[in-house]
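What follows is input_30.txt (compact mmCIF, C-alpha atoms).
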# COMPACT_ATOMS: atom_id res chain seq x y z
CA MET A 526 37.37 -10.64 -14.97
CA ASP A 527 34.27 -10.63 -17.21
CA PRO A 528 31.73 -7.73 -16.96
CA PHE A 529 29.36 -9.89 -14.87
CA GLU A 530 32.05 -10.72 -12.29
CA LYS A 531 33.28 -7.11 -12.35
CA ARG A 532 29.78 -5.82 -11.55
CA LEU A 533 29.37 -8.29 -8.69
CA HIS A 534 32.73 -7.27 -7.24
CA SER A 535 31.78 -3.58 -7.52
CA LEU A 536 28.48 -4.20 -5.70
CA LYS A 537 30.31 -6.14 -2.97
CA GLU A 538 32.58 -3.15 -2.39
CA GLU A 539 29.57 -0.79 -2.32
CA PHE A 540 27.77 -3.07 0.16
CA GLU A 541 30.78 -3.21 2.50
CA ASN A 542 31.16 0.57 2.24
CA ILE A 543 27.49 1.08 3.16
CA GLU A 544 27.77 -1.29 6.14
CA ALA A 545 30.79 0.70 7.40
CA LYS A 546 28.87 3.98 7.04
CA LEU A 547 25.79 2.61 8.80
CA GLY A 548 28.00 1.99 11.84
CA ASP A 549 29.36 5.55 11.76
CA SER A 550 27.89 7.78 14.50
CA SER A 551 27.98 10.89 12.28
CA VAL A 552 25.84 9.10 9.68
CA MET A 553 23.41 7.86 12.34
CA ASN A 554 22.68 11.47 13.23
CA ASP A 555 21.94 12.38 9.59
CA ARG A 556 18.41 11.06 9.11
CA GLU A 557 18.23 11.68 5.36
CA GLN A 558 21.56 9.95 4.66
CA MET A 559 20.68 7.11 7.04
CA THR A 560 17.38 6.50 5.22
CA ALA A 561 19.05 6.47 1.78
CA LEU A 562 21.84 4.13 2.95
CA SER A 563 19.40 1.78 4.69
CA ARG A 564 17.25 1.58 1.56
CA ARG A 565 20.27 0.76 -0.62
CA HIS A 566 21.51 -1.78 1.96
CA SER A 567 18.11 -3.48 1.84
CA GLU A 568 18.26 -3.59 -2.00
CA LEU A 569 21.75 -5.14 -2.02
CA THR A 570 21.23 -7.69 0.79
CA PRO A 571 19.57 -10.39 -1.40
CA VAL A 572 22.22 -9.81 -4.10
CA MET A 573 25.01 -10.33 -1.57
CA ALA A 574 23.40 -13.54 -0.27
CA GLU A 575 23.46 -14.97 -3.81
CA TYR A 576 26.94 -13.55 -4.40
CA ARG A 577 28.30 -15.49 -1.40
CA ARG A 578 26.78 -18.66 -2.89
CA TRP A 579 28.41 -17.75 -6.22
CA VAL A 580 31.90 -17.35 -4.67
CA LYS A 581 31.55 -20.67 -2.83
CA LEU A 582 30.44 -22.41 -6.04
CA GLN A 583 33.35 -20.91 -8.02
CA ASN A 584 35.80 -22.26 -5.43
CA GLU A 585 34.21 -25.72 -5.61
CA LYS A 586 34.35 -25.60 -9.41
CA ALA A 587 38.07 -24.67 -9.36
CA GLU A 588 38.78 -27.59 -7.00
CA LEU A 589 36.89 -30.06 -9.21
CA GLU A 590 38.59 -28.82 -12.38
CA SER A 591 41.93 -29.23 -10.64
CA ALA A 592 40.97 -32.75 -9.51
CA VAL A 593 40.06 -33.71 -13.09
CA GLU A 594 43.73 -33.10 -13.99
CA SER A 595 44.91 -35.18 -11.03
CA ASP A 596 47.23 -38.17 -11.41
CA ASP A 597 44.83 -40.06 -9.13
CA ALA A 598 42.58 -41.75 -11.71
CA GLU A 599 39.78 -42.48 -9.23
CA LEU A 600 39.74 -38.88 -7.94
CA ALA A 601 39.79 -37.54 -11.51
CA GLU A 602 36.85 -39.76 -12.49
CA MET A 603 34.76 -38.69 -9.47
CA ALA A 604 35.49 -35.02 -10.19
CA GLU A 605 34.52 -35.47 -13.84
CA MET A 606 31.20 -37.01 -12.77
CA GLU A 607 30.41 -34.15 -10.37
CA LEU A 608 31.32 -31.29 -12.73
CA PRO A 609 28.17 -31.37 -14.97
CA ASP A 610 25.81 -30.97 -11.97
CA LEU A 611 27.94 -28.18 -10.56
CA LYS A 612 27.98 -26.36 -13.91
CA GLU A 613 24.20 -26.68 -14.10
CA ASN A 614 23.93 -25.12 -10.62
CA GLU A 615 26.33 -22.39 -11.74
CA ALA A 616 24.14 -21.52 -14.77
CA GLU A 617 21.02 -21.44 -12.59
CA LEU A 618 22.69 -19.25 -9.97
CA ARG A 619 23.98 -16.90 -12.68
CA ARG A 620 20.42 -16.49 -14.04
CA SER A 621 19.19 -15.73 -10.53
CA LEU A 622 21.92 -13.12 -10.04
CA GLU A 623 21.31 -11.56 -13.45
CA LEU A 624 17.63 -11.11 -12.56
CA LEU A 625 18.60 -9.49 -9.25
CA LEU A 626 20.97 -7.18 -11.13
CA THR A 627 18.37 -6.26 -13.75
CA PRO A 628 17.35 -2.56 -13.49
CA LYS A 629 13.94 -2.28 -11.83
CA ASP A 630 11.19 0.20 -12.52
CA PRO A 631 11.77 3.12 -10.12
CA PHE A 632 8.08 2.94 -9.18
CA ALA A 633 8.07 -0.83 -8.49
CA ASP A 634 7.35 -0.42 -4.77
CA ARG A 635 4.57 2.16 -5.17
CA ASN A 636 0.89 1.69 -4.43
CA VAL A 637 -1.37 1.94 -7.49
CA ILE A 638 -4.46 3.77 -8.57
CA MET A 639 -6.45 1.61 -10.98
CA GLU A 640 -9.13 2.97 -13.29
CA ILE A 641 -11.58 0.62 -15.00
CA ARG A 642 -14.00 1.95 -17.62
CA ALA A 643 -16.69 0.14 -19.54
CA GLY A 644 -16.04 0.21 -23.28
CA THR A 645 -18.12 -1.05 -26.18
CA GLY A 646 -20.97 -3.36 -25.23
CA GLY A 647 -23.41 -1.26 -23.21
CA GLU A 648 -24.67 -2.80 -19.96
CA GLU A 649 -22.70 -6.01 -20.58
CA ALA A 650 -19.47 -3.95 -20.76
CA ALA A 651 -20.38 -2.26 -17.46
CA LEU A 652 -20.95 -5.69 -15.87
CA PHE A 653 -17.57 -6.83 -17.19
CA ALA A 654 -15.93 -3.72 -15.67
CA GLY A 655 -17.49 -4.76 -12.37
CA ASP A 656 -16.16 -8.30 -12.80
CA LEU A 657 -12.65 -6.96 -13.41
CA PHE A 658 -12.84 -4.80 -10.29
CA ARG A 659 -13.90 -7.82 -8.21
CA MET A 660 -11.11 -9.90 -9.77
CA TYR A 661 -8.44 -7.35 -8.78
CA ASN A 662 -10.03 -6.84 -5.36
CA ARG A 663 -9.88 -10.60 -4.66
CA TYR A 664 -6.31 -10.76 -5.92
CA ALA A 665 -5.43 -7.91 -3.54
CA GLU A 666 -7.02 -9.86 -0.66
CA THR A 667 -4.84 -12.91 -1.41
CA LYS A 668 -1.75 -10.67 -1.22
CA GLY A 669 -2.78 -8.95 1.99
CA TRP A 670 -3.17 -5.63 0.17
CA LYS A 671 -5.77 -2.98 0.98
CA THR A 672 -8.32 -1.77 -1.61
CA GLU A 673 -10.06 1.60 -1.31
CA ILE A 674 -12.67 2.83 -3.82
CA MET A 675 -11.92 6.46 -4.66
CA SER A 676 -14.65 7.16 -7.21
CA SER A 677 -17.31 5.08 -8.92
CA ASN A 678 -20.19 5.39 -11.36
CA ALA A 679 -22.31 2.30 -10.83
CA THR A 680 -25.13 1.01 -13.04
CA GLY A 681 -28.39 -0.43 -11.81
CA LEU A 682 -27.45 -4.06 -12.53
CA GLY A 683 -24.25 -4.14 -10.46
CA GLY A 684 -21.80 -3.00 -13.11
CA TYR A 685 -19.71 0.13 -13.41
CA LYS A 686 -19.43 2.71 -16.16
CA GLU A 687 -16.26 3.71 -14.33
CA ILE A 688 -14.56 2.80 -11.07
CA ILE A 689 -11.33 4.25 -9.67
CA PHE A 690 -9.69 2.57 -6.69
CA MET A 691 -6.40 2.48 -4.86
CA ILE A 692 -4.54 -0.71 -3.93
CA SER A 693 -1.85 -0.31 -1.30
CA GLY A 694 0.67 -2.80 0.00
CA ARG A 695 4.03 -4.36 -0.76
CA ASP A 696 5.16 -4.58 -4.43
CA VAL A 697 1.72 -3.55 -5.73
CA PHE A 698 2.86 -1.64 -8.83
CA PHE A 699 5.58 -4.22 -9.50
CA ARG A 700 2.93 -6.95 -9.81
CA LEU A 701 0.05 -5.00 -11.39
CA GLN A 702 1.89 -2.71 -13.82
CA PHE A 703 1.10 -4.86 -16.89
CA GLU A 704 -2.67 -5.01 -16.28
CA GLY A 705 -3.20 -1.70 -18.09
CA GLY A 706 -4.81 -1.87 -21.53
CA GLY A 707 -7.92 -3.15 -23.30
CA HIS A 708 -9.64 -6.21 -21.81
CA ARG A 709 -12.19 -8.07 -23.95
CA VAL A 710 -14.88 -10.51 -22.82
CA GLN A 711 -16.77 -13.07 -24.90
CA ARG A 712 -19.82 -14.61 -23.20
CA VAL A 713 -23.57 -15.07 -23.33
CA PRO A 714 -25.23 -12.26 -21.33
CA GLU A 715 -27.84 -13.34 -18.76
CA THR A 716 -30.37 -11.18 -20.58
CA GLU A 717 -29.69 -12.90 -23.93
CA ALA A 718 -32.57 -15.32 -24.58
CA SER A 719 -31.16 -16.82 -27.79
CA GLY A 720 -27.85 -17.84 -26.20
CA ARG A 721 -25.80 -15.73 -28.60
CA ILE A 722 -22.24 -14.88 -27.56
CA HIS A 723 -21.59 -11.16 -27.15
CA THR A 724 -18.20 -9.42 -27.22
CA SER A 725 -17.71 -6.49 -24.85
CA ALA A 726 -14.72 -4.52 -23.65
CA ALA A 727 -13.35 -2.51 -20.77
CA THR A 728 -10.17 -0.48 -20.40
CA VAL A 729 -7.88 -0.60 -17.39
CA ALA A 730 -5.29 2.00 -16.40
CA VAL A 731 -2.67 1.26 -13.76
CA LEU A 732 -1.06 4.39 -12.32
CA PRO A 733 1.73 4.37 -9.72
CA GLU A 734 0.62 6.48 -6.77
CA ALA A 735 2.24 9.88 -7.17
CA GLU A 736 3.87 11.59 -4.23
CA GLU A 737 3.81 15.36 -3.94
CA VAL A 738 7.50 15.55 -4.83
CA ASP A 739 6.86 13.71 -8.12
CA VAL A 740 4.42 16.21 -9.60
CA GLU A 741 4.13 19.91 -8.84
CA ILE A 742 0.60 21.25 -9.24
CA LYS A 743 0.16 25.00 -8.91
CA PRO A 744 -3.17 26.24 -7.47
CA GLU A 745 -3.66 28.58 -10.44
CA GLU A 746 -3.55 25.55 -12.79
CA LEU A 747 -6.72 24.12 -11.24
CA ARG A 748 -10.41 24.85 -11.64
CA ILE A 749 -12.38 23.27 -8.82
CA ASP A 750 -16.16 22.88 -9.08
CA VAL A 751 -18.43 21.46 -6.39
CA PHE A 752 -21.80 19.86 -7.05
CA ARG A 753 -24.36 17.57 -5.47
CA SER A 754 -23.56 13.86 -5.49
CA SER A 755 -25.98 11.50 -7.19
CA GLY A 756 -26.19 7.72 -7.22
CA PRO A 757 -27.37 5.22 -9.88
CA GLY A 758 -30.50 6.34 -11.68
CA GLY A 759 -30.27 9.87 -10.28
CA GLN A 760 -30.78 8.72 -6.67
CA SER A 761 -29.43 11.36 -4.31
CA VAL A 762 -26.41 10.31 -2.25
CA ASN A 763 -26.59 13.37 -0.05
CA THR A 764 -28.16 16.78 -0.07
CA THR A 765 -25.04 18.96 0.16
CA ASP A 766 -22.59 20.09 -2.52
CA SER A 767 -19.89 17.59 -1.48
CA ALA A 768 -18.91 16.18 -4.88
CA VAL A 769 -15.78 17.70 -6.42
CA ARG A 770 -14.67 18.09 -10.02
CA ILE A 771 -11.09 19.24 -10.61
CA THR A 772 -9.92 20.41 -14.05
CA HIS A 773 -6.19 20.68 -14.70
CA LEU A 774 -6.13 23.62 -17.08
CA PRO A 775 -2.74 23.00 -18.79
CA THR A 776 -3.67 19.45 -19.85
CA GLY A 777 -7.47 19.51 -19.78
CA LEU A 778 -7.53 16.46 -17.47
CA VAL A 779 -10.75 16.25 -15.42
CA VAL A 780 -11.19 14.20 -12.24
CA SER A 781 -14.46 13.89 -10.32
CA CYS A 782 -14.94 12.32 -6.89
CA GLN A 783 -18.26 12.01 -5.12
CA ASP A 784 -18.14 8.81 -3.07
CA GLU A 785 -17.40 10.53 0.25
CA LYS A 786 -19.90 12.76 2.07
CA SER A 787 -17.08 15.19 2.88
CA GLN A 788 -16.14 17.74 0.23
CA HIS A 789 -12.65 17.90 1.74
CA LYS A 790 -12.13 14.12 1.37
CA ASN A 791 -13.45 14.12 -2.20
CA ARG A 792 -11.10 16.98 -3.06
CA ALA A 793 -8.09 15.14 -1.56
CA ARG A 794 -8.97 11.97 -3.49
CA ALA A 795 -9.46 13.83 -6.75
CA LEU A 796 -6.06 15.53 -6.34
CA LYS A 797 -4.42 12.17 -5.65
CA VAL A 798 -5.90 10.71 -8.85
CA LEU A 799 -4.96 13.82 -10.86
CA ARG A 800 -1.37 13.75 -9.58
CA SER A 801 -1.03 10.06 -10.52
CA ARG A 802 -2.46 10.68 -14.01
CA LEU A 803 0.02 13.52 -14.58
CA LEU A 804 2.87 11.29 -13.38
CA GLU A 805 1.75 8.56 -15.79
CA ILE A 806 1.75 11.04 -18.70
CA GLU A 807 5.35 11.94 -17.87
CA ARG A 808 6.33 8.25 -17.51
CA ALA A 809 4.74 7.48 -20.90
CA ARG A 810 6.65 10.37 -22.49
CA GLN A 811 9.95 9.12 -21.08
CA GLN A 812 9.22 5.56 -22.20
CA GLU A 813 8.42 6.79 -25.70
CA GLU A 814 11.79 8.56 -25.82
CA GLN A 815 13.47 5.27 -24.91
CA ALA A 816 11.23 3.23 -27.22
CA ALA A 817 13.99 2.25 -29.64
CA GLN A 818 15.86 0.37 -26.93
CA ARG A 819 12.95 -0.57 -24.70
CA ARG A 820 10.30 -1.71 -27.17
CA SER A 821 8.87 -4.93 -25.76
CA MET A 822 6.11 -7.46 -26.19
CA VAL A 823 4.84 -6.62 -22.72
CA GLY A 824 4.25 -2.97 -23.55
CA SER A 825 3.53 -0.06 -21.24
CA GLY A 826 -0.22 -0.51 -20.77
CA ASP A 827 -1.47 1.54 -23.70
CA ARG A 828 -5.22 1.62 -23.11
CA SER A 829 -5.98 1.57 -26.83
CA GLY A 830 -4.34 -1.84 -27.29
CA ARG A 831 -6.19 -5.10 -26.58
CA ILE A 832 -4.07 -7.04 -24.13
CA ARG A 833 -6.30 -9.88 -22.96
CA THR A 834 -9.42 -11.85 -23.92
CA TYR A 835 -11.69 -13.66 -21.45
CA ASN A 836 -13.69 -16.32 -23.32
CA PHE A 837 -16.35 -17.79 -21.01
CA PRO A 838 -17.79 -20.52 -23.31
CA GLN A 839 -14.30 -22.00 -23.70
CA ASN A 840 -13.20 -21.32 -20.09
CA ARG A 841 -10.17 -19.58 -21.63
CA VAL A 842 -8.07 -16.50 -20.90
CA THR A 843 -5.51 -15.37 -23.48
CA ASP A 844 -2.87 -12.69 -22.94
CA HIS A 845 -2.06 -11.51 -26.47
CA ARG A 846 1.27 -9.82 -25.58
CA ILE A 847 3.02 -13.04 -24.59
CA ASN A 848 0.73 -15.51 -26.42
CA LEU A 849 -0.22 -17.22 -23.16
CA THR A 850 -3.55 -19.10 -22.95
CA LEU A 851 -4.88 -20.58 -19.71
CA HIS A 852 -7.99 -22.77 -19.53
CA ARG A 853 -9.13 -21.83 -16.03
CA LEU A 854 -11.08 -18.64 -16.49
CA GLU A 855 -13.31 -19.09 -13.42
CA ALA A 856 -10.33 -19.32 -11.07
CA ILE A 857 -8.74 -16.26 -12.69
CA MET A 858 -11.94 -14.24 -12.29
CA GLU A 859 -11.83 -15.23 -8.60
CA GLY A 860 -8.46 -13.49 -8.31
CA GLU A 861 -6.00 -16.30 -9.09
CA LEU A 862 -3.81 -14.08 -11.26
CA ASP A 863 -0.31 -15.12 -10.22
CA GLU A 864 0.37 -17.41 -13.19
CA LEU A 865 -0.51 -14.65 -15.67
CA ILE A 866 1.30 -11.92 -13.74
CA ASP A 867 4.44 -14.01 -13.16
CA ALA A 868 4.69 -14.76 -16.89
CA LEU A 869 4.42 -11.04 -17.75
CA ILE A 870 7.03 -10.07 -15.14
CA GLN A 871 9.40 -12.78 -16.39
CA GLU A 872 9.06 -11.52 -19.98
CA ASP A 873 9.73 -7.93 -18.86
CA GLN A 874 12.77 -8.97 -16.83
CA MET A 875 14.24 -10.84 -19.80
CA ILE A 876 13.85 -7.72 -21.95
CA ARG A 877 15.36 -5.50 -19.24
CA MET A 878 18.28 -7.93 -18.93
CA GLN A 879 18.91 -7.82 -22.68
CA ASN A 880 18.76 -4.02 -22.69
CA ALA A 881 21.05 -3.79 -19.66
CA GLY A 882 23.58 -6.00 -21.44
In structure tokens, what does this structure look like?
Amino acid sequence: MDPFEKRLHSLKEEFENIEAKLGDSSVMNDREQMTALSRRHSELTPVMAEYRRWVKLQNEKAELESAVESDDAELAEMAEMELPDLKENEAELRRSLELLLTPKDPFADRNVIMEIRAGTGGEEAALFAGDLFRMYNRYAETKGWKTEIMSSNATGLGGYKEIIFMISGRDVFFRLQFEGGGHRVQRVPETEASGRIHTSAATVAVLPEAEEVDVEIKPEELRIDVFRSSGPGGQSVNTTDSAVRITHLPTGLVVSCQDEKSQHKNRARALKVLRSRLLEIERARQQEEQAAQRRSMVGSGDRSGRIRTYNFPQNRVTDHRINLTLHRLEAIMEGELDELIDALIQEDQMIRMQNAG
């Protein structure tokens, strides 16, 4: 039995064992064990569906190979004609199973906190940051996800110096994890009379939402300041000290939230962002330790690296990590990101498969 078959057989035994336990009354009364078993059962169910197809196909293949050796010339000829198609189906099914068996990011099913900041390019960079936010917001709408702005620093012309927002729903981090990094735009600004193309940039960070069990924050590690919120151009948002700035003393990380009128809500949001940033620092450290075996073209969303260019005059979007260029920029800016995202996920899965092997 080759390693692939051995692993499938091992998972089949685990699946059958879990199903037996889920029917055990003593397990049903243990909520924690029941939750863990149900989660694992859910993970293995699609694998087992494909495994059953695999077993059936292997039986059919054995029958055809036996028929090829038959003394019945007509039967042998028919079997020989059917074998190539069956072997093609076998290769396709094996690829499907290998993808299902590929180790997944432990945070794949988490919600995300996204941070977009205007980079070089002044007001045009802030407008681009706003365009990126709208692009992700529209993409979230197409997926049935929920978007909630947690903190923002808007400019007078509709852009953002910085915007932090949470996207929640099914498989959010799994699909958005490779959006982190430097995004560059090339276009003629509306304010540019001569029609000259400007290049601006924005950075995007994609953080899996941290749960309290992921990151321990001690009260003595925090300095919390409250101040009065202010809108674009110094316009007062409200007249009470409801804005909150939290400094994490061990790392120097600072998070400010002022979008809510309630100091309590701003504090809760700021803590959520801080916890997710601390989790991302730890994830980055672990990935760096594994860099020798996990180095990939997709990368981990290093904000200093340029990952994508949006060229408006040429209606072109290029993802530099996988050398993919699409000539439908307008649709992409309207949230049609699946083609880009699917290509990045496929590249990552191939690398994970190679590393797992």
- Give the answer as one residue: which of A:Leu562, A:Ile847, A:Met858, A:Ala650 has the shortest atom-to-atom distance to A:Pro714, using only C-alpha atoms? A:Ala650
- Counting all atoms listed in the file, the residue among A:Ile689, A:Val710, A:Leu618, A:Leu849 that lies closest to A:Asp656 is A:Val710
- Item | Atomic separation - atom CA of A:Ser677 relative to atom CA of A:Met691, Å | 11.9 Å
- Message: List the spatial neighbours of stretch 529-541 of chain A as a list in words - criterion: any atom at most 10 Å away, all atoms listed in the file, same-chain residues fewer than 5 positions off excluded.
- Response: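 In the requested form, the answer reads Lys546, Leu547, Leu562, Arg565, His566, Ser567, Glu568, Leu569, Thr570, Val572, Met573, Tyr576, Arg577, Trp579, Arg619, Leu622, Glu623, Leu626 and Gly882 of chain A.
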- Note on the structure: Of A:Arg659, A:Pro733, A:Phe837, A:Ile876, the one nearest to A:Ile806 when counting only C-alpha atoms is A:Pro733
Residues of stretch 693-748 of chain A at most 9 Å from stretch 662-669 of chain A: nearest atom pair and distance in Å, all atoms listed in the file, as a tab-separated table:
residue	atom	partner	partner_atom	distance
A:Ser693	CA	A:Ala665	CA	8.7
A:Gly694	CA	A:Gly669	CA	7.3
A:Arg695	CA	A:Lys668	CA	8.6
A:Val697	CA	A:Ala665	CA	8.7
- Mind checking which residues fall within 8 Å of A:Ser767, counting all atoms listed in the file, ignoring those fewer than 2 positions away in the same chain, and posting them as a list in words?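 Counting all atoms listed in the file, the residues come to Val751, Phe752, Arg753, Ser754, Thr765, Val769, Gln783, Glu785, Lys786, Ser787, Gln788, His789 and Asn791 of chain A.
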- Query: Could you state the separation of atom CA of A:Leu657 and atom CA of A:Asp739 in Å, given to one decimal place?
  - Reply: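 Atom CA of A:Leu657 sits 28.9 Å away from atom CA of A:Asp739.
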- Between atom CA of A:Glu864 and atom CA of A:Asp610, measure the distance and give it in Å to one decimal.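 Value for the atom CA of A:Glu864-atom CA of A:Asp610 distance: 28.9 Å.
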